[in-house]
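Step one of this worksheet: look at the structure below.
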Amino acid sequence: MDLFSYDFEKARTITKEEIEQAAKDLAQFLKENGNPRVLSVSGLHCRPNECGQVNEKKYLPNSIEKMIPFLKDEGYIKFERDGVFFLKHEYRDYHTIDELVERFRQIADDYFENGGDLYGLYSISTTFGLHYNVDLSNHEINMGLGTAIRNEITSYSKNLGLKHFIEVPKSRGMKMNCFIDGELKAIKRIMAEELVEYTDYQSVKDYFKRHGAVSGPKYQKSYDPHGISSNQKKIEMHIALPSAFCCQSIAESKDIKEIMMIMDYMGKTYGPFGNEELILINEKNVRKRYKRDRDNEKTFEELYDLDAIISEENSVEAESLFSMFDETILDNLFVQELEGVGCS
């Protein structure tokens, strides 16, 4: 062994403080790069950044790389396979929700300053979420980050509003045309004529939560206890699913045709998600009240009118009493009555 091949770094004593500092430096390096689960001894391989762009490989700083054997011996890191290791969970420095939201705002602001559109922000939110690994053991952060980012997108939607929707067609996303054919087109106009009077985001959002369109009817095959099939007349329901951007744009619009155009970019579902009561509208502007648990088997004509007085408590009580009633009692009483008539 000559002087040049002798490893003076390994020869000297490494202190506990130096190893602890190396672990902190490694945690910071990982945090700055989205906290990837694993990395190689030489550094991070090419991976997408927050906006989905692939970065060049990032090398570990020499001050960290030379400490890897000591970090392994002291239990800070663990090797999965040759040259690939991870920093243990308890030594990582994860981002807080506030830190990530602030970073998302910076990216979004830069994106819009460079001519970006709202629809593209949804793609960025996806790559942003994929880039950052959060502390999965922290339920609040794990569940709260997605909600926080969605709230940020809603905020941008409200700020950009109708002007962005009209002037930047790309911002609208895909045209869904869910209310364009036949009866639904007529109902779309009925809704637009009402929505032109709504001037704030929340009232528009609430309108679509409370109202649905009816076309059809559709026929659904059903079977009786003997296996005989029949076509059952069912309600063909269409519930709009507007984005925050659509709601804000409608709230700002004063033109019925413009509102109808905005509605072409809404999605829809074929029934309510919960059991809240809806107002269903047909192409003749006839309106009925619908509640899934109460009205699921009814036709549109059988639904309650808007001014109908419905006693839910009495209805439930009656159903409960009927379900507990033993029909054999009624049968026996009927037989006794017949026998009494015969004896006379």
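Just so we're on the same page: first chain in the structure tokens is A, next is B, and so on; residues restart at 1 for each chain, and ligands are numbered from 1 in the order they show up.
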Near region 208-212 of chain A, counting only C-alpha atoms, which residues have an atom at most 9 Å away, once you skip same-chain residues fewer than 5 positions from it, shown as a PDB file with N, CA and C atoms, in the first residue's frame?
```
ATOM      1  N   MET A 191     -83.326  25.499 -17.381  1.00  0.00           N
ATOM      2  CA  MET A 191     -82.392  25.738 -16.281  1.00  0.00           C
ATOM      3  C   MET A 191     -81.611  27.033 -16.493  1.00  0.00           C
ATOM      4  N   SER A 203     -74.689  29.807  -4.802  1.00  0.00           N
ATOM      5  CA  SER A 203     -76.092  29.601  -5.185  1.00  0.00           C
ATOM      6  C   SER A 203     -76.195  28.760  -6.457  1.00  0.00           C
ATOM      7  N   MET A 237     -83.046   9.728 -15.195  1.00  0.00           N
ATOM      8  CA  MET A 237     -82.626  10.921 -14.459  1.00  0.00           C
ATOM      9  C   MET A 237     -81.241  11.379 -14.912  1.00  0.00           C
ATOM     10  N   HIS A 238     -81.027  12.697 -14.926  1.00  0.00           N
ATOM     11  CA  HIS A 238     -79.739  13.266 -15.317  1.00  0.00           C
ATOM     12  C   HIS A 238     -79.385  14.379 -14.325  1.00  0.00           C
ATOM     13  N   ILE A 239     -78.333  14.160 -13.548  1.00  0.00           N
ATOM     14  CA  ILE A 239     -77.903  15.133 -12.544  1.00  0.00           C
ATOM     15  C   ILE A 239     -76.583  15.748 -13.002  1.00  0.00           C
ATOM     16  N   ALA A 240     -76.562  17.056 -13.202  1.00  0.00           N
ATOM     17  CA  ALA A 240     -75.355  17.736 -13.681  1.00  0.00           C
ATOM     18  C   ALA A 240     -74.267  17.732 -12.612  1.00  0.00           C
ATOM     19  N   LEU A 241     -73.023  17.627 -13.078  1.00  0.00           N
ATOM     20  CA  LEU A 241     -71.858  17.672 -12.188  1.00  0.00           C
ATOM     21  C   LEU A 241     -70.944  18.815 -12.646  1.00  0.00           C
ATOM     22  N   PRO A 242     -71.278  20.038 -12.295  1.00  0.00           N
ATOM     23  CA  PRO A 242     -70.471  21.177 -12.758  1.00  0.00           C
ATOM     24  C   PRO A 242     -69.181  21.316 -11.957  1.00  0.00           C
ATOM     25  N   GLY A 271     -78.115   9.603 -11.305  1.00  0.00           N
ATOM     26  CA  GLY A 271     -78.871   9.508 -10.067  1.00  0.00           C
ATOM     27  C   GLY A 271     -78.147  10.232  -8.956  1.00  0.00           C
ATOM     28  N   PRO A 272     -78.849  10.552  -7.876  1.00  0.00           N
ATOM     29  CA  PRO A 272     -78.222  11.268  -6.759  1.00  0.00           C
ATOM     30  C   PRO A 272     -77.252  10.365  -6.002  1.00  0.00           C
ATOM     31  N   GLU A 276     -80.765  12.971  -0.421  1.00  0.00           N
ATOM     32  CA  GLU A 276     -81.357  14.303  -0.334  1.00  0.00           C
ATOM     33  C   GLU A 276     -82.459  14.454  -1.389  1.00  0.00           C
ATOM     34  N   GLU A 277     -83.482  15.214  -1.047  1.00  0.00           N
ATOM     35  CA  GLU A 277     -84.594  15.403  -1.974  1.00  0.00           C
ATOM     36  C   GLU A 277     -84.189  16.326  -3.124  1.00  0.00           C
ATOM     37  N   LEU A 278     -84.589  15.942  -4.335  1.00  0.00           N
ATOM     38  CA  LEU A 278     -84.302  16.710  -5.541  1.00  0.00           C
ATOM     39  C   LEU A 278     -85.594  17.221  -6.162  1.00  0.00           C
ATOM     40  N   ILE A 279     -85.456  18.262  -6.961  1.00  0.00           N
ATOM     41  CA  ILE A 279     -86.543  18.712  -7.827  1.00  0.00           C
ATOM     42  C   ILE A 279     -86.202  18.268  -9.240  1.00  0.00           C
ATOM     43  N   LEU A 280     -87.017  17.400  -9.803  1.00  0.00           N
ATOM     44  CA  LEU A 280     -86.790  16.907 -11.158  1.00  0.00           C
ATOM     45  C   LEU A 280     -87.653  17.691 -12.138  1.00  0.00           C
ATOM     46  N   ILE A 281     -87.066  18.044 -13.275  1.00  0.00           N
ATOM     47  CA  ILE A 281     -87.731  18.872 -14.284  1.00  0.00           C
ATOM     48  C   ILE A 281     -87.796  18.100 -15.595  1.00  0.00           C
ATOM     49  N   ASN A 282     -88.978  18.093 -16.236  1.00  0.00           N
ATOM     50  CA  ASN A 282     -89.050  17.488 -17.568  1.00  0.00           C
ATOM     51  C   ASN A 282     -89.089  18.579 -18.634  1.00  0.00           C
TER      52      ASN A 282
END
```
Among region 47-109 of chain A, which ones does DSSP place in alpha helix (DSSP H), written as an MDAnalysis selection string? chainID A and resid 62:65 68:73 97:109
Polymer residues at most 10 Å from Pro61 (chain A), only C-alpha atoms, same-chain spacing of 5 or more positions, as a list of chain:residue names: A:Asp25, A:Leu26, A:Phe29, A:Ser42, A:Gly43, A:Lys66
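Counting only C-alpha atoms, Gly182 (chain A) has the following residues at most 10 Å away, ignoring those fewer than 4 positions along the same chain: Ala186, Ile187, Ser215 and Glu283 of chain A.
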Write a file of the just-selected residues containing all heavy atoms, as a tab-separated table (two decimals), in the first residue's frame.
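Wrote it out as out_11.tsv, contents follow:
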```tsv
chain	number	residue	atom	x	y	z
A	186	ALA	N	-84.10	20.99	-24.19
A	186	ALA	CA	-85.17	21.89	-23.72
A	186	ALA	C	-85.03	22.16	-22.23
A	186	ALA	O	-85.22	23.29	-21.76
A	186	ALA	CB	-86.53	21.26	-24.02
A	187	ILE	N	-84.67	21.13	-21.47
A	187	ILE	CA	-84.50	21.30	-20.02
A	187	ILE	C	-83.28	22.17	-19.72
A	187	ILE	O	-83.30	22.98	-18.78
A	187	ILE	CB	-84.38	19.92	-19.33
A	187	ILE	CG1	-85.64	19.11	-19.57
A	187	ILE	CG2	-84.13	20.09	-17.83
A	187	ILE	CD1	-85.54	17.66	-19.14
A	215	SER	N	-85.72	12.59	-18.57
A	215	SER	CA	-86.08	12.25	-19.95
A	215	SER	C	-86.62	10.82	-19.93
A	215	SER	O	-86.65	10.17	-18.91
A	215	SER	CB	-84.86	12.35	-20.87
A	215	SER	OG	-83.89	11.38	-20.51
A	283	GLU	N	-89.19	18.17	-19.90
A	283	GLU	CA	-89.07	19.14	-21.00
A	283	GLU	C	-90.24	20.12	-21.06
A	283	GLU	O	-90.15	21.16	-21.70
A	283	GLU	CB	-88.92	18.40	-22.34
A	283	GLU	CG	-90.20	17.87	-22.95
A	283	GLU	CD	-90.70	16.58	-22.30
A	283	GLU	OE1	-90.08	16.13	-21.31
A	283	GLU	OE2	-91.70	16.02	-22.78
```
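Candidate residues A:Asp93, A:Asp181, A:Glu113, A:Glu297 were compared for distance to Lys31 (chain A), and the nearest is A:Asp93, using only C-alpha atoms.
Picture a line from CA of Gly146 (chain A) to CA of Asp264 (chain A); it runs 26.9 Å.
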Near-Thr154 (chain A) list (9 Å; only C-alpha atoms; drop same-chain fewer than 5 positions) as a PDB file with all heavy atoms, in the first residue's frame:
```pdb
ATOM      1  N   ILE A 149     -55.305  20.922  -2.075  1.00  0.00           N
ATOM      2  CA  ILE A 149     -54.984  21.262  -3.467  1.00  0.00           C
ATOM      3  C   ILE A 149     -56.266  21.536  -4.253  1.00  0.00           C
ATOM      4  O   ILE A 149     -56.324  22.469  -5.064  1.00  0.00           O
ATOM      5  CB  ILE A 149     -54.170  20.127  -4.128  1.00  0.00           C
ATOM      6  CG1 ILE A 149     -52.813  19.964  -3.426  1.00  0.00           C
ATOM      7  CG2 ILE A 149     -53.965  20.413  -5.615  1.00  0.00           C
ATOM      8  CD1 ILE A 149     -51.940  21.187  -3.450  1.00  0.00           C
ATOM      9  N   ASN A 159     -61.305  33.090  -9.130  1.00  0.00           N
ATOM     10  CA  ASN A 159     -60.596  34.318  -9.501  1.00  0.00           C
ATOM     11  C   ASN A 159     -60.565  34.522 -11.016  1.00  0.00           C
ATOM     12  O   ASN A 159     -60.680  35.648 -11.501  1.00  0.00           O
ATOM     13  CB  ASN A 159     -59.165  34.279  -8.953  1.00  0.00           C
ATOM     14  CG  ASN A 159     -59.124  34.407  -7.441  1.00  0.00           C
ATOM     15  OD1 ASN A 159     -60.019  34.986  -6.832  1.00  0.00           O
ATOM     16  ND2 ASN A 159     -58.097  33.852  -6.822  1.00  0.00           N
ATOM     17  N   SER A 243     -68.135  21.745 -12.622  1.00  0.00           N
ATOM     18  CA  SER A 243     -66.891  22.069 -11.924  1.00  0.00           C
ATOM     19  C   SER A 243     -67.049  23.421 -11.236  1.00  0.00           C
ATOM     20  O   SER A 243     -67.990  24.178 -11.508  1.00  0.00           O
ATOM     21  CB  SER A 243     -65.730  22.131 -12.919  1.00  0.00           C
ATOM     22  OG  SER A 243     -65.932  23.213 -13.825  1.00  0.00           O
ATOM     23  N   ALA A 244     -66.115  23.733 -10.358  1.00  0.00           N
ATOM     24  CA  ALA A 244     -66.123  25.056  -9.715  1.00  0.00           C
ATOM     25  C   ALA A 244     -66.000  26.152 -10.770  1.00  0.00           C
ATOM     26  O   ALA A 244     -66.603  27.226 -10.645  1.00  0.00           O
ATOM     27  CB  ALA A 244     -64.977  25.141  -8.712  1.00  0.00           C
ATOM     28  N   PHE A 245     -65.235  25.883 -11.816  1.00  0.00           N
ATOM     29  CA  PHE A 245     -65.031  26.849 -12.899  1.00  0.00           C
ATOM     30  C   PHE A 245     -66.350  27.131 -13.616  1.00  0.00           C
ATOM     31  O   PHE A 245     -66.680  28.291 -13.910  1.00  0.00           O
ATOM     32  CB  PHE A 245     -63.990  26.292 -13.864  1.00  0.00           C
ATOM     33  CG  PHE A 245     -63.489  27.271 -14.889  1.00  0.00           C
ATOM     34  CD1 PHE A 245     -63.329  28.614 -14.593  1.00  0.00           C
ATOM     35  CD2 PHE A 245     -63.148  26.834 -16.162  1.00  0.00           C
ATOM     36  CE1 PHE A 245     -62.844  29.515 -15.539  1.00  0.00           C
ATOM     37  CE2 PHE A 245     -62.661  27.719 -17.112  1.00  0.00           C
ATOM     38  CZ  PHE A 245     -62.513  29.056 -16.800  1.00  0.00           C
TER      39      PHE A 245
END
```
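You can rank A:Glu65, A:Glu236, A:Glu18, A:Ile250 by their closest distance to Gln202 (chain A) using only C-alpha atoms, and at the top of that list sits A:Ile250.
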DSSP on the backbone: what in region 40-263 of chain A comes out strand (DSSP E or B), as a ChimeraX atom specification? /A:40,43-44,48,54,58-59,77-81,84-87,211-223,229-241
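Of the listed residues (A:Cys246, A:Ala23, A:Lys298, A:Leu184), A:Leu184 comes nearest to Lys284 (chain A); the distances count only C-alpha atoms.
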Test item: residues at most 8 Å from region 78-87 of chain A, only C-alpha atoms, excluding those fewer than 2 positions along its chain, as an mmCIF file with N, CA, C and O atoms, in the first residue's frame:
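Below you can see part27.cif, which holds the result:
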```cif
data_model
loop_
_atom_site.group_PDB
_atom_site.id
_atom_site.type_symbol
_atom_site.label_atom_id
_atom_site.label_comp_id
_atom_site.auth_asym_id
_atom_site.auth_seq_id
_atom_site.Cartn_x
_atom_site.Cartn_y
_atom_site.Cartn_z
ATOM 1 N N LEU A 26 -28.981 14.335 4.554
ATOM 2 C CA LEU A 26 -29.632 13.405 3.629
ATOM 3 C C LEU A 26 -31.143 13.627 3.631
ATOM 4 O O LEU A 26 -31.785 13.628 2.570
ATOM 5 N N ALA A 27 -31.714 13.831 4.814
ATOM 6 C CA ALA A 27 -33.156 14.095 4.913
ATOM 7 C C ALA A 27 -33.526 15.368 4.160
ATOM 8 O O ALA A 27 -34.558 15.427 3.477
ATOM 9 N N ARG A 37 -38.919 7.436 -2.267
ATOM 10 C CA ARG A 37 -38.801 6.347 -1.290
ATOM 11 C C ARG A 37 -37.387 5.796 -1.221
ATOM 12 O O ARG A 37 -36.875 5.509 -0.137
ATOM 13 N N VAL A 38 -36.751 5.600 -2.380
ATOM 14 C CA VAL A 38 -35.401 5.036 -2.404
ATOM 15 C C VAL A 38 -34.499 5.894 -3.279
ATOM 16 O O VAL A 38 -34.968 6.709 -4.076
ATOM 17 N N LEU A 39 -33.212 5.696 -3.135
ATOM 18 C CA LEU A 39 -32.230 6.337 -4.007
ATOM 19 C C LEU A 39 -30.999 5.452 -4.074
ATOM 20 O O LEU A 39 -30.825 4.536 -3.256
ATOM 21 N N SER A 40 -30.165 5.722 -5.058
ATOM 22 C CA SER A 40 -28.951 4.926 -5.205
ATOM 23 C C SER A 40 -27.799 5.617 -4.491
ATOM 24 O O SER A 40 -27.899 6.785 -4.094
ATOM 25 N N VAL A 41 -26.725 4.888 -4.344
ATOM 26 C CA VAL A 41 -25.554 5.434 -3.659
ATOM 27 C C VAL A 41 -25.056 6.693 -4.357
ATOM 28 O O VAL A 41 -24.601 7.644 -3.717
ATOM 29 N N LYS A 72 -25.328 3.575 7.519
ATOM 30 C CA LYS A 72 -25.830 2.195 7.519
ATOM 31 C C LYS A 72 -25.504 1.515 8.846
ATOM 32 O O LYS A 72 -26.375 0.872 9.456
ATOM 33 N N GLY A 75 -27.755 2.584 11.632
ATOM 34 C CA GLY A 75 -29.176 2.278 11.493
ATOM 35 C C GLY A 75 -30.038 3.387 10.927
ATOM 36 O O GLY A 75 -31.272 3.321 11.011
ATOM 37 N N TYR A 76 -29.425 4.401 10.326
ATOM 38 C CA TYR A 76 -30.212 5.484 9.721
ATOM 39 C C TYR A 76 -30.795 5.065 8.371
ATOM 40 O O TYR A 76 -31.897 5.476 8.015
ATOM 41 N N HIS A 89 -38.048 5.945 8.008
ATOM 42 C CA HIS A 89 -39.155 6.886 8.196
ATOM 43 C C HIS A 89 -38.906 7.878 9.327
ATOM 44 O O HIS A 89 -39.133 9.087 9.182
ATOM 45 N N TYR A 91 -36.388 9.229 10.457
ATOM 46 C CA TYR A 91 -35.330 10.228 10.259
ATOM 47 C C TYR A 91 -35.633 11.178 9.094
ATOM 48 O O TYR A 91 -34.848 12.069 8.805
ATOM 49 N N ARG A 92 -36.760 10.993 8.450
ATOM 50 C CA ARG A 92 -37.107 11.844 7.307
ATOM 51 C C ARG A 92 -37.712 13.169 7.772
ATOM 52 O O ARG A 92 -38.254 13.275 8.872
#
```
